[in-house]
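Structure file coords-v2.pdb (PDB, C-alpha atoms and all ligand atoms) follows.
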```
ATOM      1  CA  MET A   1     114.210  72.440-142.544
ATOM      2  CA  SER A   2     113.037  69.812-144.999
ATOM      3  CA  LEU A   3     110.103  70.396-147.337
ATOM      4  CA  ASN A   4     107.057  68.168-147.656
ATOM      5  CA  ILE A   5     106.153  68.386-151.312
ATOM      6  CA  LEU A   6     103.274  67.448-153.571
ATOM      7  CA  ILE A   7     103.895  66.928-157.302
ATOM      8  CA  VAL A   8     100.765  67.107-159.471
ATOM      9  CA  ASP A   9     101.224  66.096-163.112
ATOM     10  CA  ASP A  10      99.406  63.627-165.366
ATOM     11  CA  SER A  11     102.721  62.285-166.647
ATOM     12  CA  ALA A  12     104.537  59.901-164.284
ATOM     13  CA  VAL A  13     107.708  60.620-166.243
ATOM     14  CA  VAL A  14     107.403  64.343-165.507
ATOM     15  CA  ARG A  15     106.760  63.679-161.808
ATOM     16  CA  ALA A  16     109.884  61.517-161.720
ATOM     17  CA  MET A  17     111.878  64.217-163.525
ATOM     18  CA  ILE A  18     110.780  66.899-161.054
ATOM     19  CA  LEU A  19     111.751  64.661-158.147
ATOM     20  CA  LYS A  20     115.112  63.842-159.751
ATOM     21  CA  THR A  21     115.758  67.554-160.289
ATOM     22  CA  LEU A  22     114.884  68.419-156.670
ATOM     23  CA  LYS A  23     117.371  65.796-155.497
ATOM     24  CA  MET A  24     120.023  67.084-157.911
ATOM     25  CA  ALA A  25     119.385  70.608-156.620
ATOM     26  CA  GLY A  26     120.018  69.341-153.098
ATOM     27  CA  ILE A  27     116.626  70.476-151.793
ATOM     28  CA  PRO A  28     116.047  68.873-148.374
ATOM     29  CA  LEU A  29     112.982  66.704-148.933
ATOM     30  CA  GLY A  30     110.589  65.386-146.308
ATOM     31  CA  ASP A  31     107.421  63.583-147.318
ATOM     32  CA  VAL A  32     106.857  63.428-151.118
ATOM     33  CA  GLN A  33     103.302  62.976-152.415
ATOM     34  CA  GLN A  34     102.309  62.543-156.062
ATOM     35  CA  ALA A  35      99.007  63.110-157.840
ATOM     36  CA  SER A  36      98.034  62.769-161.497
ATOM     37  CA  ASP A  37      95.326  65.434-161.721
ATOM     38  CA  GLY A  38      93.936  68.414-159.806
ATOM     39  CA  CYS A  39      91.326  66.347-157.937
ATOM     40  CA  GLU A  40      93.930  63.907-156.653
ATOM     41  CA  GLY A  41      96.091  66.894-155.790
ATOM     42  CA  LEU A  42      93.355  68.399-153.590
ATOM     43  CA  ASP A  43      92.853  64.989-151.916
ATOM     44  CA  ALA A  44      96.551  64.770-151.126
ATOM     45  CA  LEU A  45      96.454  68.273-149.628
ATOM     46  CA  GLU A  46      93.517  67.303-147.410
ATOM     47  CA  ASN A  47      95.343  64.265-146.099
ATOM     48  CA  HIS A  48      98.976  65.343-145.785
ATOM     49  CA  TRP A  49     100.872  68.315-144.489
ATOM     50  CA  ILE A  50     102.386  69.909-147.607
ATOM     51  CA  ASP A  51     104.847  72.828-147.675
ATOM     52  CA  LEU A  52     105.181  73.225-151.437
ATOM     53  CA  VAL A  53     103.142  72.164-154.485
ATOM     54  CA  PHE A  54     104.459  71.566-158.015
ATOM     55  CA  ALA A  55     101.619  71.776-160.522
ATOM     56  CA  ASP A  56     101.182  71.026-164.210
ATOM     57  CA  ILE A  57      98.564  73.037-166.154
ATOM     58  CA  ASN A  58      97.209  70.594-168.739
ATOM     59  CA  MET A  59      95.752  67.593-166.943
ATOM     60  CA  PRO A  60      92.584  65.528-167.362
ATOM     61  CA  VAL A  61      89.746  65.557-164.777
ATOM     62  CA  MET A  62      90.829  68.852-163.188
ATOM     63  CA  ASN A  63      93.499  71.076-164.720
ATOM     64  CA  GLY A  64      96.152  72.916-162.779
ATOM     65  CA  GLU A  65      94.541  76.334-162.933
ATOM     66  CA  GLU A  66      91.256  75.076-161.481
ATOM     67  CA  MET A  67      93.170  73.243-158.766
ATOM     68  CA  ILE A  68      94.988  76.462-157.866
ATOM     69  CA  ASP A  69      91.647  78.310-157.701
ATOM     70  CA  ARG A  70      90.256  75.641-155.340
ATOM     71  CA  ILE A  71      93.380  75.793-153.187
ATOM     72  CA  ARG A  72      93.176  79.558-152.850
ATOM     73  CA  GLU A  73      89.495  79.332-151.807
ATOM     74  CA  GLN A  74      90.616  77.636-148.585
ATOM     75  CA  PRO A  75      91.816  80.139-145.971
ATOM     76  CA  GLU A  76      94.455  77.723-144.646
ATOM     77  CA  TRP A  77      95.952  77.320-148.141
ATOM     78  CA  GLU A  78      95.819  80.983-149.111
ATOM     79  CA  GLU A  79      99.575  81.344-148.810
ATOM     80  CA  LEU A  80     100.608  77.792-149.754
ATOM     81  CA  PRO A  81     103.611  78.028-152.098
ATOM     82  CA  ILE A  82     102.744  76.697-155.566
ATOM     83  CA  ILE A  83     105.123  76.349-158.499
ATOM     84  CA  VAL A  84     103.618  75.812-161.939
ATOM     85  CA  VAL A  85     105.943  73.785-164.168
ATOM     86  CA  SER A  86     105.025  74.235-167.807
ATOM     87  CA  THR A  87     106.125  75.021-171.346
ATOM     88  CA  GLU A  88     103.513  77.819-171.435
ATOM     89  CA  GLY A  89     104.831  80.628-173.624
ATOM     90  CA  SER A  90     101.953  83.101-173.380
ATOM     91  CA  ALA A  91     102.854  86.047-171.140
ATOM     92  CA  THR A  92      99.136  86.682-170.440
ATOM     93  CA  ARG A  93      98.574  83.157-169.140
ATOM     94  CA  ILE A  94     101.730  83.213-167.027
ATOM     95  CA  GLU A  95     100.707  86.547-165.460
ATOM     96  CA  ARG A  96      97.223  85.185-164.728
ATOM     97  CA  LEU A  97      98.750  82.276-162.772
ATOM     98  CA  GLN A  98     101.111  84.627-160.971
ATOM     99  CA  ARG A  99      98.166  86.777-159.880
ATOM    100  CA  LYS A 100      96.744  83.649-158.242
ATOM    101  CA  GLY A 101      99.924  83.471-156.200
ATOM    102  CA  ALA A 102     101.717  80.784-158.207
ATOM    103  CA  SER A 103     105.355  80.937-159.245
ATOM    104  CA  PHE A 104     106.436  79.692-162.621
ATOM    105  CA  VAL A 105     109.215  77.362-163.783
ATOM    106  CA  HIS A 106     109.620  77.085-167.513
ATOM    107  CA  LYS A 107     110.263  73.692-169.125
ATOM    108  CA  PRO A 108     112.914  72.517-169.828
ATOM    109  CA  PHE A 109     114.083  73.290-166.296
ATOM    110  CA  THR A 110     117.450  72.810-164.613
ATOM    111  CA  PRO A 111     118.318  72.083-160.967
ATOM    112  CA  GLU A 112     119.504  75.702-160.795
ATOM    113  CA  SER A 113     116.257  77.236-162.098
ATOM    114  CA  VAL A 114     114.180  75.105-159.704
ATOM    115  CA  GLN A 115     116.504  75.880-156.795
ATOM    116  CA  GLU A 116     116.255  79.606-157.440
ATOM    117  CA  VAL A 117     112.441  79.659-157.405
ATOM    118  CA  ILE A 118     112.228  77.477-154.281
ATOM    119  CA  LYS A 119     114.647  79.725-152.433
ATOM    120  CA  LYS A 120     112.682  82.802-153.465
ATOM    121  CA  ILE A 121     109.311  81.535-152.247
ATOM    122  CA  THR A 122     110.182  79.317-149.274
ATOM    123  CA  GLY A 123     113.589  80.615-148.184
ATOM    124  CA  VAL A 124     114.834  77.018-148.287
ATOM    125  CA  SER A 125     117.991  76.439-150.301
ATOM    126  CA  HIS A 126     120.130  73.368-150.835
ATOM    127  CA  GLU A 127     121.189  71.226-147.930
ATOM    128  CA  GLN A 128     123.793  72.764-145.635
ATOM    129  CA  THR A 129     126.751  70.455-145.115
ATOM    130  CA  ALA A 130     127.808  71.863-141.736
TER
ATOM    131  CA  MET B   1     111.637  75.676-197.119
ATOM    132  CA  ASN B   2     111.733  78.542-194.621
ATOM    133  CA  ARG B   3     115.293  78.824-193.262
ATOM    134  CA  GLN B   4     114.238  80.794-190.167
ATOM    135  CA  LEU B   5     111.720  78.120-189.175
ATOM    136  CA  GLU B   6     114.306  75.409-189.632
ATOM    137  CA  GLU B   7     116.708  77.285-187.350
ATOM    138  CA  ILE B   8     114.010  77.618-184.686
ATOM    139  CA  LEU B   9     113.262  73.889-184.845
ATOM    140  CA  TRP B  10     116.951  72.990-184.632
ATOM    141  CA  GLY B  11     117.623  75.465-181.781
ATOM    142  CA  VAL B  12     114.691  74.286-179.669
ATOM    143  CA  ALA B  13     115.412  70.606-180.332
ATOM    144  CA  GLU B  14     119.073  71.034-179.436
ATOM    145  CA  GLU B  15     118.252  72.833-176.174
ATOM    146  CA  THR B  16     115.513  70.374-175.197
ATOM    147  CA  PHE B  17     117.499  67.181-175.819
ATOM    148  CA  GLU B  18     120.390  68.622-173.866
ATOM    149  CA  ALA B  19     118.368  69.987-170.943
ATOM    150  CA  LEU B  20     115.971  67.054-170.590
ATOM    151  CA  ALA B  21     118.214  64.131-171.446
ATOM    152  CA  PHE B  22     121.840  65.393-171.492
ATOM    153  CA  LEU B  23     122.046  64.334-175.141
ATOM    154  CA  LEU B  24     123.895  66.375-177.714
ATOM    155  CA  PRO B  25     122.309  66.490-181.178
ATOM    156  CA  MET B  26     124.820  66.319-184.044
ATOM    157  CA  PRO B  27     124.163  67.223-187.684
ATOM    158  CA  GLU B  28     125.970  64.041-188.807
ATOM    159  CA  PRO B  29     126.340  60.634-187.118
ATOM    160  CA  VAL B  30     129.529  60.548-185.036
ATOM    161  CA  GLU B  31     129.786  56.773-185.102
ATOM    162  CA  PRO B  32     127.932  54.185-187.153
ATOM    163  CA  PHE B  33     124.714  53.276-185.342
ATOM    164  CA  GLU B  34     122.601  50.160-185.424
ATOM    165  CA  SER B  35     119.429  50.761-187.409
ATOM    166  CA  SER B  36     116.161  50.165-185.556
ATOM    167  CA  PRO B  37     112.465  50.785-186.190
ATOM    168  CA  GLU B  38     111.152  54.280-185.545
ATOM    169  CA  VAL B  39     108.755  55.602-182.918
ATOM    170  CA  ALA B  40     106.864  58.879-183.366
ATOM    171  CA  VAL B  41     104.861  61.217-181.147
ATOM    172  CA  SER B  42     102.599  63.979-182.414
ATOM    173  CA  VAL B  43     101.508  67.101-180.498
ATOM    174  CA  ARG B  44      98.526  68.978-181.935
ATOM    175  CA  PHE B  45      98.151  72.702-181.228
ATOM    176  CA  HIS B  46      95.539  75.381-181.894
ATOM    177  CA  GLY B  47      96.004  79.139-181.818
ATOM    178  CA  PRO B  48      96.951  81.994-184.179
ATOM    179  CA  PHE B  49      97.805  79.111-186.487
ATOM    180  CA  ASP B  50      96.932  75.422-186.112
ATOM    181  CA  GLY B  51      99.172  72.467-186.667
ATOM    182  CA  LYS B  52     101.255  69.787-185.070
ATOM    183  CA  VAL B  53     104.789  68.904-184.141
ATOM    184  CA  ILE B  54     106.000  65.354-184.765
ATOM    185  CA  VAL B  55     109.133  63.998-183.112
ATOM    186  CA  THR B  56     110.412  60.713-184.558
ATOM    187  CA  VAL B  57     113.258  58.715-183.053
ATOM    188  CA  ALA B  58     114.824  55.318-183.613
ATOM    189  CA  GLU B  59     113.801  52.736-180.997
ATOM    190  CA  LEU B  60     117.373  52.592-179.709
ATOM    191  CA  VAL B  61     117.261  56.363-179.137
ATOM    192  CA  LEU B  62     114.064  55.957-177.142
ATOM    193  CA  GLY B  63     115.726  53.750-174.521
ATOM    194  CA  GLU B  64     118.628  56.155-174.056
ATOM    195  CA  LEU B  65     116.258  59.114-173.908
ATOM    196  CA  ALA B  66     114.026  57.611-171.207
ATOM    197  CA  CYS B  67     116.991  56.399-169.174
ATOM    198  CA  ASN B  68     118.589  59.851-169.115
ATOM    199  CA  MET B  69     115.341  61.756-168.540
ATOM    200  CA  LEU B  70     114.568  59.603-165.517
ATOM    201  CA  GLY B  71     118.135  59.698-164.253
ATOM    202  CA  LEU B  72     118.481  55.894-164.247
ATOM    203  CA  ASP B  73     121.697  53.918-164.722
ATOM    204  CA  ASP B  74     122.714  52.930-168.258
ATOM    205  CA  GLY B  75     121.001  49.755-169.377
ATOM    206  CA  ALA B  76     118.265  49.971-166.707
ATOM    207  CA  GLU B  77     115.102  48.095-167.714
ATOM    208  CA  ILE B  78     112.402  50.632-168.523
ATOM    209  CA  ALA B  79     108.843  49.617-169.430
ATOM    210  CA  VAL B  80     107.880  50.402-173.040
ATOM    211  CA  ASP B  81     105.020  52.624-171.793
ATOM    212  CA  THR B  82     107.424  54.677-169.727
ATOM    213  CA  GLN B  83     109.813  55.015-172.668
ATOM    214  CA  GLN B  84     106.945  56.269-174.810
ATOM    215  CA  ASP B  85     105.872  58.688-172.056
ATOM    216  CA  ALA B  86     109.390  60.087-172.004
ATOM    217  CA  LEU B  87     109.197  60.765-175.754
ATOM    218  CA  LYS B  88     105.732  62.314-175.267
ATOM    219  CA  GLU B  89     107.121  64.716-172.685
ATOM    220  CA  LEU B  90     110.064  65.565-174.898
ATOM    221  CA  ALA B  91     107.733  66.312-177.826
ATOM    222  CA  ASN B  92     105.517  68.385-175.538
ATOM    223  CA  VAL B  93     108.476  70.517-174.456
ATOM    224  CA  VAL B  94     109.737  70.879-178.043
ATOM    225  CA  CYS B  95     106.281  71.972-179.258
ATOM    226  CA  GLY B  96     105.696  74.332-176.320
ATOM    227  CA  ASN B  97     108.993  76.085-176.960
ATOM    228  CA  ILE B  98     108.742  76.264-180.746
ATOM    229  CA  LEU B  99     105.410  78.140-180.746
ATOM    230  CA  PRO B 100     106.454  81.316-178.853
ATOM    231  CA  GLU B 101     109.687  81.406-180.883
ATOM    232  CA  ILE B 102     107.546  81.649-184.009
ATOM    233  CA  ALA B 103     104.555  83.684-182.821
ATOM    234  CA  GLY B 104     105.925  85.600-179.828
ATOM    235  CA  THR B 105     104.837  85.611-176.175
ATOM    236  CA  THR B 106     101.605  87.510-176.846
ATOM    237  CA  ALA B 107     100.218  84.580-178.836
ATOM    238  CA  VAL B 108      98.037  82.105-176.951
ATOM    239  CA  PHE B 109      98.103  78.468-178.056
ATOM    240  CA  ASN B 110      96.239  75.451-176.724
ATOM    241  CA  VAL B 111      98.391  72.361-176.872
ATOM    242  CA  ASP B 112      96.778  68.899-176.805
ATOM    243  CA  ALA B 113      98.203  65.920-174.953
ATOM    244  CA  PRO B 114     100.971  64.227-177.002
ATOM    245  CA  LYS B 115      99.943  61.085-178.893
ATOM    246  CA  LEU B 116     101.858  58.110-180.167
ATOM    247  CA  VAL B 117     101.510  57.914-183.971
ATOM    248  CA  ASP B 118     102.501  55.467-186.678
ATOM    249  CA  ALA B 119     106.025  56.478-187.692
ATOM    250  CA  SER B 120     105.730  54.776-191.065
ATOM    251  CA  ALA B 121     102.512  56.543-192.142
ATOM    252  CA  PRO B 122     102.791  59.800-194.072
ATOM    253  CA  ALA B 123     102.729  62.698-191.622
ATOM    254  CA  SER B 124     100.551  65.098-193.572
ATOM    255  CA  GLU B 125      96.768  64.864-193.059
ATOM    256  CA  GLU B 126      93.735  66.943-192.077
ATOM    257  CA  GLY B 127      94.778  69.755-194.394
ATOM    258  CA  LEU B 128      98.155  70.106-192.710
ATOM    259  CA  SER B 129     101.353  70.435-194.669
ATOM    260  CA  LEU B 130     105.009  70.360-193.765
ATOM    261  CA  ALA B 131     106.193  73.885-192.847
ATOM    262  CA  SER B 132     109.648  72.882-191.708
ATOM    263  CA  GLU B 133     111.726  70.027-190.369
ATOM    264  CA  THR B 134     115.086  69.339-188.820
ATOM    265  CA  ARG B 135     116.995  66.058-188.760
ATOM    266  CA  PHE B 136     119.949  65.192-186.598
ATOM    267  CA  PHE B 137     121.764  62.354-184.846
ATOM    268  CA  LEU B 138     122.411  61.183-181.326
ATOM    269  CA  ASP B 139     124.960  58.466-180.528
ATOM    270  CA  SER B 140     122.213  55.862-180.654
ATOM    271  CA  GLY B 141     120.558  56.932-183.912
ATOM    272  CA  PRO B 142     118.615  59.506-185.911
ATOM    273  CA  VAL B 143     115.911  61.965-184.785
ATOM    274  CA  SER B 144     113.569  64.178-186.764
ATOM    275  CA  VAL B 145     111.382  67.085-185.683
ATOM    276  CA  GLU B 146     108.680  68.165-188.115
ATOM    277  CA  LEU B 147     106.334  71.134-187.960
ATOM    278  CA  LEU B 148     103.089  70.796-189.923
ATOM    279  CA  THR B 149     100.684  73.704-190.238
ATOM    280  CA  GLU B 150      97.442  74.681-191.896
ATOM    281  CA  GLY B 151      98.813  76.773-194.716
ATOM    282  CA  PRO B 152     102.037  78.779-194.709
ATOM    283  CA  ILE B 153     103.176  80.688-191.598
ATOM    284  CA  ASP B 154     105.575  83.556-190.926
ATOM    285  CA  VAL B 155     107.994  84.005-188.080
ATOM    286  CA  GLU B 156     106.657  86.978-186.059
ATOM    287  CA  VAL B 157     109.477  87.288-183.585
ATOM    288  CA  PRO B 158     112.220  89.774-184.531
ATOM    289  CA  VAL B 159     115.579  88.162-185.218
ATOM    290  CA  THR B 160     117.753  88.458-182.106
ATOM    291  CA  ALA B 161     120.912  90.525-182.019
ATOM    292  CA  GLY B 162     123.918  88.760-183.432
ATOM    293  CA  ALA B 163     122.009  87.130-186.274
ATOM    294  CA  ASN B 164     121.695  88.946-189.587
TER
HETATM  295 MG    MG C   1     100.109  67.515-168.529
END
```
Would you mind writing the file out in structure tokens?
Amino acid sequence: MSLNILIVDDSAVVRAMILKTLKMAGIPLGDVQQASDGCEGLDALENHWIDLVFADINMPVMNGEEMIDRIREQPEWEELPIIVVSTEGSATRIERLQRKGASFVHKPFTPESVQEVIKKITGVSHEQTA
Amino acid sequence: MNRQLEEILWGVAEETFEALAFLLPMPEPVEPFESSPEVAVSVRFHGPFDGKVIVTVAELVLGELACNMLGLDDGAEIAVDTQQDALKELANVVCGNILPEIAGTTAVFNVDAPKLVDASAPASEEGLSLASETRFFLDSGPVSVELLTEGPIDVEVPVTAGAN
């Protein structure tokens, strides 16, 4: 099974780094969509079938937390896997995001740390070579 | 200057350069490097204490940094904007990891978007003063990480086992 993913971050460099890391981790990728703020992220979700969302917190126009709230308001996206990628160090803030059903990957991340979280929430691990 | 703060800055910088860009910071230059103008990014933060983190690198370091962060081949042409964005992200990660090391995970900080600043202008302003700094070298040139705060700060996090 390959994953259709959406990467939402205001930095194009960070989006490229997440994509590079997913490839290094051997995650089977389908369609890859990118958005630079929460609004664009919601648009992409409306228009594409997405299996997994990577979200930044600090973004202009609409931040990551508000985007997650909007996503969870939609019954069809209630269970959509979301991974927040951030340097956030406050335990309170991380727990608040987790209560909204988001997983958390701390920056700087490695292919291994990303792989582990993806496996946990989607059951998909790196590409089988059989 | 506070030794504990300096160790935090060095530890976070070392981990971040290695994890983000596969670059190994060295206390001394390993080989002579070509000197080049400097580029600096500042990240302002607000919380239990206010301040900013400034990461300054030589221009030649910037190219190497961006290339490795993006996973491109050596010598790939990278737009100046993209190179600067790579440094912004690096500074963002350095700042985000320094703060909980100093104030613990119960502290809540708001971190502004990283900004390009004039590397040749004096760093202190707006009532901020230098709390600590670390300087080191990559193959392509020197790097400095400075922490400026409003007044003096203390490290709240207990020293981890193994240190004395
Ligand atoms: Mg951001």
Leaving out stretch 103-118 of chain A and any residue of its chain fewer than 2 positions from it, which residues lie within 10 Å of it when counting only C-alpha atoms, given as a PDB file with C-alpha atoms, keeping the file's coordinate frame?
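What follows is the written file result_14.pdb:
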```pdb
ATOM      1  CA  MET A  17     111.878  64.217-163.525  1.00  0.00           C
ATOM      2  CA  ILE A  18     110.780  66.899-161.054  1.00  0.00           C
ATOM      3  CA  LYS A  20     115.112  63.842-159.751  1.00  0.00           C
ATOM      4  CA  THR A  21     115.758  67.554-160.289  1.00  0.00           C
ATOM      5  CA  LEU A  22     114.884  68.419-156.670  1.00  0.00           C
ATOM      6  CA  LYS A  23     117.371  65.796-155.497  1.00  0.00           C
ATOM      7  CA  MET A  24     120.023  67.084-157.911  1.00  0.00           C
ATOM      8  CA  ALA A  25     119.385  70.608-156.620  1.00  0.00           C
ATOM      9  CA  GLY A  26     120.018  69.341-153.098  1.00  0.00           C
ATOM     10  CA  ILE A  27     116.626  70.476-151.793  1.00  0.00           C
ATOM     11  CA  LEU A  52     105.181  73.225-151.437  1.00  0.00           C
ATOM     12  CA  PHE A  54     104.459  71.566-158.015  1.00  0.00           C
ATOM     13  CA  ALA A  55     101.619  71.776-160.522  1.00  0.00           C
ATOM     14  CA  PRO A  81     103.611  78.028-152.098  1.00  0.00           C
ATOM     15  CA  ILE A  82     102.744  76.697-155.566  1.00  0.00           C
ATOM     16  CA  ILE A  83     105.123  76.349-158.499  1.00  0.00           C
ATOM     17  CA  VAL A  84     103.618  75.812-161.939  1.00  0.00           C
ATOM     18  CA  VAL A  85     105.943  73.785-164.168  1.00  0.00           C
ATOM     19  CA  SER A  86     105.025  74.235-167.807  1.00  0.00           C
ATOM     20  CA  THR A  87     106.125  75.021-171.346  1.00  0.00           C
ATOM     21  CA  GLU A  88     103.513  77.819-171.435  1.00  0.00           C
ATOM     22  CA  GLY A  89     104.831  80.628-173.624  1.00  0.00           C
ATOM     23  CA  ILE A  94     101.730  83.213-167.027  1.00  0.00           C
ATOM     24  CA  GLU A  95     100.707  86.547-165.460  1.00  0.00           C
ATOM     25  CA  LEU A  97      98.750  82.276-162.772  1.00  0.00           C
ATOM     26  CA  GLN A  98     101.111  84.627-160.971  1.00  0.00           C
ATOM     27  CA  ARG A  99      98.166  86.777-159.880  1.00  0.00           C
ATOM     28  CA  LYS A 100      96.744  83.649-158.242  1.00  0.00           C
ATOM     29  CA  GLY A 101      99.924  83.471-156.200  1.00  0.00           C
ATOM     30  CA  LYS A 120     112.682  82.802-153.465  1.00  0.00           C
ATOM     31  CA  ILE A 121     109.311  81.535-152.247  1.00  0.00           C
ATOM     32  CA  THR A 122     110.182  79.317-149.274  1.00  0.00           C
ATOM     33  CA  GLY A 123     113.589  80.615-148.184  1.00  0.00           C
ATOM     34  CA  VAL A 124     114.834  77.018-148.287  1.00  0.00           C
ATOM     35  CA  SER A 125     117.991  76.439-150.301  1.00  0.00           C
ATOM     36  CA  HIS A 126     120.130  73.368-150.835  1.00  0.00           C
TER      37      HIS A 126
ATOM     38  CA  GLU B  15     118.252  72.833-176.174  1.00  0.00           C
ATOM     39  CA  THR B  16     115.513  70.374-175.197  1.00  0.00           C
ATOM     40  CA  PHE B  17     117.499  67.181-175.819  1.00  0.00           C
ATOM     41  CA  GLU B  18     120.390  68.622-173.866  1.00  0.00           C
ATOM     42  CA  ALA B  19     118.368  69.987-170.943  1.00  0.00           C
ATOM     43  CA  LEU B  20     115.971  67.054-170.590  1.00  0.00           C
ATOM     44  CA  LEU B  90     110.064  65.565-174.898  1.00  0.00           C
ATOM     45  CA  ASN B  92     105.517  68.385-175.538  1.00  0.00           C
ATOM     46  CA  VAL B  93     108.476  70.517-174.456  1.00  0.00           C
ATOM     47  CA  VAL B  94     109.737  70.879-178.043  1.00  0.00           C
ATOM     48  CA  GLY B  96     105.696  74.332-176.320  1.00  0.00           C
ATOM     49  CA  ASN B  97     108.993  76.085-176.960  1.00  0.00           C
TER      50      ASN B  97
END
```
Let me have all residues with an atom within 8 Å of ligand MG 1 (chain C), counting all atoms listed in the file, laid out as an NGL selection string. (:A and (9-11 or 56-60)) or (:B and (113))
So how many Å separate atom CA of B:Asp85 and atom CA of B:Val43, to one decimal?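 Straight-line distance from atom CA of B:Asp85 to atom CA of B:Val43 works out to 12.7 Å.
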Quick one: pull the distance between atom CA of B:Ala58 and atom CA of B:Asn110, Å, one decimal.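 A separation of 28.3 Å between them.
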Written as a list in words, which residues does the PyMOL selection byres ((chain B) within 6 of (chain A)) give for the file shown?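 After applying the PyMOL selection byres ((chain B) within 6 of (chain A)), what remains is Leu70, Val93, Gly96, Pro100, Thr105, Thr106, Ala107 and Val108 of chain B.
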Could you list the residues chosen by the PyMOL selection byres (((chain A and resi 62) around 6) and not hetatm) in this structure as a list in words? Asp37, Gly38, Cys39, Pro60, Val61 and Asn63 of chain A
Using all atoms of stretch 90-105 of chain B that appear in the file, construct an axis-aligned enclosing box with 8 Å of padding on every side and provide its centre coordinates and edge lengths in Å, rounded to one decimal, as JSON.
```
{"center_x": 107.3, "center_y": 75.6, "center_z": -179.2, "size_x": 21.5, "size_y": 36.0, "size_z": 25.6}
```
Explicit residue set for the PyMOL selection byres (((chain B and resi 147) around 7) and not hetatm), as number ranges by chain: B: 52-54, 130-133, 145-146, 148-149
List every protein, DNA or RNA residue that has at least one atom no more than 12 Å from (93.2, 67.1, -190.0) in the file's coordinates, counting only C-alpha atoms, and write the result as a PyMOL selection string. chain B and resi 44-46+50-52+123-129+148-150
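You will find atom CA of B:Ile153 at 9.8 Å from atom CA of B:Pro48.
Residues in contact range of stretch 38-41 of chain B, defined as at most 7 Å between all atoms listed in the file, with sequence neighbours fewer than 6 positions away removed, read Ile54, Val55, Thr56, Val57, Ala58, Glu59, Leu87, Lys88, Ala91, Pro114, Lys115, Leu116, Val117, Asp118 and Ala119 of chain B.
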